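Undergrad: A single structure is presented below for examination.
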Amino acid sequence: MFQDILDFLMKFGPWGLFIHSFADAVIFPVPAFFLQVSLSIMHPQNALWLATYGFIGCLLGTPLGYLIGKLLGKSVLYKILKKEWIDAATNMFQKNGEAAILIGSFTPVPFKVFTILSGCLKFPLWRLLAYAALGRATKFYVVGTLFYLYGNAAEGMVKDVSLYIALIAVPLLLIGVYFNRRRKRKKMEQQKLAESGPVVVEKAVLEQASDQTPSA
């Protein structure tokens, strides 16, 4: 069934990839990566244009996936997607917070899981779009660039492209998240210290005045 849909979308070239990428961010279970590779093999000279169509389609579909999650809740995920995908994405959110969206862009877990789950968790939409733009652009354009530069020879290279990107990008993302959290924590501590500072000083002055007051 899904192969028939992919064969049908292939007939529309870049627009077929646009539709697939849009649906990939919403409900369609087959990642747009597969159609992108198939079309890039046929037209490697247009690989970067294909990447652009796929990227834009994904970004436009992301708010709809988010809205589905926000309105229908997490239960809708279990009706349309595999439980292991949902559990894996939930685990990423629990461990890495918002970085899960970026990490999810490079994993085999369909991206729609992250768009819908973001809506379920009331994650800010603008942040979801920002992280989706960064993560999906990387994946679409790495594949497109490889086919543009190497033609059909890139077919063997892109099979593990997600793995290669993840090996480089995920550690960097986690390091960035760690330092960002550390910076926020330090800022909060400074704010608390600044707020409590006058109280501490006033208390010390009162205690000193009390010590200096002669007893009756």
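Chain lettering (A, B, ...) mirrors the order of the structure tokens, residue numbering begins at 1 for each chain separately, and ligand numbering begins at 1 in order of display.
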Please provide as a PDB file with all heavy atoms, in the first residue's frame all residues within 6 Å of segment 134-138 of chain A, with the sequence filter that same-chain residues fewer than 3 positions apart are discarded (counting only C-alpha atoms).
TA:
```pdb
ATOM      1  N   LEU A 102      15.908  18.123  17.923  1.00  0.00           N
ATOM      2  CA  LEU A 102      17.073  18.116  17.042  1.00  0.00           C
ATOM      3  C   LEU A 102      17.627  16.717  16.891  1.00  0.00           C
ATOM      4  O   LEU A 102      17.929  16.261  15.782  1.00  0.00           O
ATOM      5  CB  LEU A 102      18.148  19.048  17.612  1.00  0.00           C
ATOM      6  CG  LEU A 102      17.989  20.535  17.324  1.00  0.00           C
ATOM      7  CD1 LEU A 102      19.001  21.324  18.129  1.00  0.00           C
ATOM      8  CD2 LEU A 102      18.137  20.820  15.853  1.00  0.00           C
ATOM      9  N   SER A 105      15.675  14.491  14.636  1.00  0.00           N
ATOM     10  CA  SER A 105      15.798  14.744  13.195  1.00  0.00           C
ATOM     11  C   SER A 105      16.772  13.782  12.524  1.00  0.00           C
ATOM     12  O   SER A 105      16.730  13.591  11.317  1.00  0.00           O
ATOM     13  CB  SER A 105      16.273  16.183  12.956  1.00  0.00           C
ATOM     14  OG  SER A 105      15.362  17.112  13.480  1.00  0.00           O
ATOM     15  N   TYR A 131      13.873  24.378  15.858  1.00  0.00           N
ATOM     16  CA  TYR A 131      14.668  23.156  15.929  1.00  0.00           C
ATOM     17  C   TYR A 131      14.407  22.260  14.719  1.00  0.00           C
ATOM     18  O   TYR A 131      15.316  21.605  14.211  1.00  0.00           O
ATOM     19  CB  TYR A 131      14.357  22.403  17.224  1.00  0.00           C
ATOM     20  CG  TYR A 131      14.871  23.099  18.456  1.00  0.00           C
ATOM     21  CD1 TYR A 131      14.075  23.250  19.585  1.00  0.00           C
ATOM     22  CD2 TYR A 131      16.160  23.621  18.493  1.00  0.00           C
ATOM     23  CE1 TYR A 131      14.545  23.894  20.721  1.00  0.00           C
ATOM     24  CE2 TYR A 131      16.637  24.269  19.619  1.00  0.00           C
ATOM     25  CZ  TYR A 131      15.827  24.402  20.722  1.00  0.00           C
ATOM     26  OH  TYR A 131      16.298  25.046  21.839  1.00  0.00           O
ATOM     27  N   TYR A 141      19.563  18.552   3.195  1.00  0.00           N
ATOM     28  CA  TYR A 141      20.608  19.132   2.346  1.00  0.00           C
ATOM     29  C   TYR A 141      21.895  18.310   2.323  1.00  0.00           C
ATOM     30  O   TYR A 141      22.659  18.399   1.351  1.00  0.00           O
ATOM     31  CB  TYR A 141      20.882  20.577   2.750  1.00  0.00           C
ATOM     32  CG  TYR A 141      19.831  21.522   2.217  1.00  0.00           C
ATOM     33  CD1 TYR A 141      18.829  22.015   3.049  1.00  0.00           C
ATOM     34  CD2 TYR A 141      19.812  21.881   0.872  1.00  0.00           C
ATOM     35  CE1 TYR A 141      17.849  22.864   2.559  1.00  0.00           C
ATOM     36  CE2 TYR A 141      18.836  22.725   0.373  1.00  0.00           C
ATOM     37  CZ  TYR A 141      17.854  23.215   1.215  1.00  0.00           C
ATOM     38  OH  TYR A 141      16.879  24.039   0.726  1.00  0.00           O
ATOM     39  N   VAL A 142      22.147  17.522   3.360  1.00  0.00           N
ATOM     40  CA  VAL A 142      23.295  16.606   3.286  1.00  0.00           C
ATOM     41  C   VAL A 142      23.050  15.573   2.191  1.00  0.00           C
ATOM     42  O   VAL A 142      23.926  15.304   1.357  1.00  0.00           O
ATOM     43  CB  VAL A 142      23.539  15.918   4.650  1.00  0.00           C
ATOM     44  CG1 VAL A 142      24.461  14.715   4.483  1.00  0.00           C
ATOM     45  CG2 VAL A 142      24.158  16.895   5.634  1.00  0.00           C
TER      46      VAL A 142
END
```
Undergrad: What's around Ser75 of chain A at 10 Å? Count only C-alpha atoms, leave out sequence neighbours fewer than 5 positions away in its own chain, and write the answer as a list in words.
TA: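 Once the nearby chain positions are removed, what remains is Gly69, Ile80 and Cys120 of chain A.
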Undergrad: Please dump the current selection as an mmCIF file, in the first residue's frame; keep C-alpha atoms.
TA:
```
data_model
loop_
_atom_site.group_PDB
_atom_site.id
_atom_site.type_symbol
_atom_site.label_atom_id
_atom_site.label_comp_id
_atom_site.auth_asym_id
_atom_site.auth_seq_id
_atom_site.Cartn_x
_atom_site.Cartn_y
_atom_site.Cartn_z
ATOM 1 C CA GLY A 69 -0.984 16.582 19.404
ATOM 2 C CA ILE A 80 -1.283 5.729 14.124
ATOM 3 C CA CYS A 120 0.964 16.972 23.604
#
```
Undergrad: Rounded to one decimal, what separation in Å do you get between atom CA of Leu77 of chain A and atom CA of Leu50 of chain A?
TA: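 Result for atom CA of Leu77 of chain A versus atom CA of Leu50 of chain A: 28.8 Å, one decimal.
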Undergrad: Using only C-alpha atoms, find the one residue out of A:Lys122, A:Lys159, A:Lys139, A:Arg182 that sits nearest to Lys74 of chain A.
TA: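 Answer, going by the shortest atom-to-atom distance: A:Lys122.
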Undergrad: Considering only C-alpha atoms, return as a list in words whatever protein or nucleic-acid residues lie within 9 Å of segment 85-89 of chain A, sequence-local ones (same chain, fewer than 4 positions apart) excluded.
TA: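 The contact residues come out as Leu77, Tyr78, Leu81, Phe93, Gln94, Ala100, Ile101, Gly104, Pro108, Val109, Pro110, Val113, Phe114 and Leu117 of chain A.
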Undergrad: Within 9 Å of Val158 of chain A, counting only C-alpha atoms, which residues show up once you throw out same-chain ones fewer than 5 positions away? Write them as an NGL selection string, please.
TA: :A and (37 or 142-143 or 146-147)
Undergrad: Tell me, in Å to one decimal, how far atom CA of Thr62 of chain A is from atom CA of Ala32 of chain A.
TA: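 We find that atom CA of Thr62 of chain A and atom CA of Ala32 of chain A lie 13.5 Å from each other.
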Undergrad: Near Ile27 of chain A, within 7 Å and counting only C-alpha atoms, which residues show up once chain neighbours fewer than 3 positions away are dropped, as a PyMOL selection string?
TA: chain A and resi 23-24+112
Undergrad: Which one of A:Ile41, A:Leu64, A:Ala51, A:Trp15 sits closest to Gly156 of chain A if you count only C-alpha atoms?
TA: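 Counting only C-alpha atoms, the residue closest to Gly156 of chain A is A:Ile41.
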Undergrad: Closest to Gly61 of chain A among A:Phe12, A:Phe34, A:Phe140, A:Phe111, using only C-alpha atoms?
TA: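 Closest to Gly61 of chain A of all the choices is A:Phe111.
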Undergrad: Of the residues A:Leu39, A:Leu121, A:Ile68, A:Ala99, which is the one nearest to Gly151 of chain A, using only C-alpha atoms?
TA: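 Among the listed residues, A:Leu39 lies closest to Gly151 of chain A.
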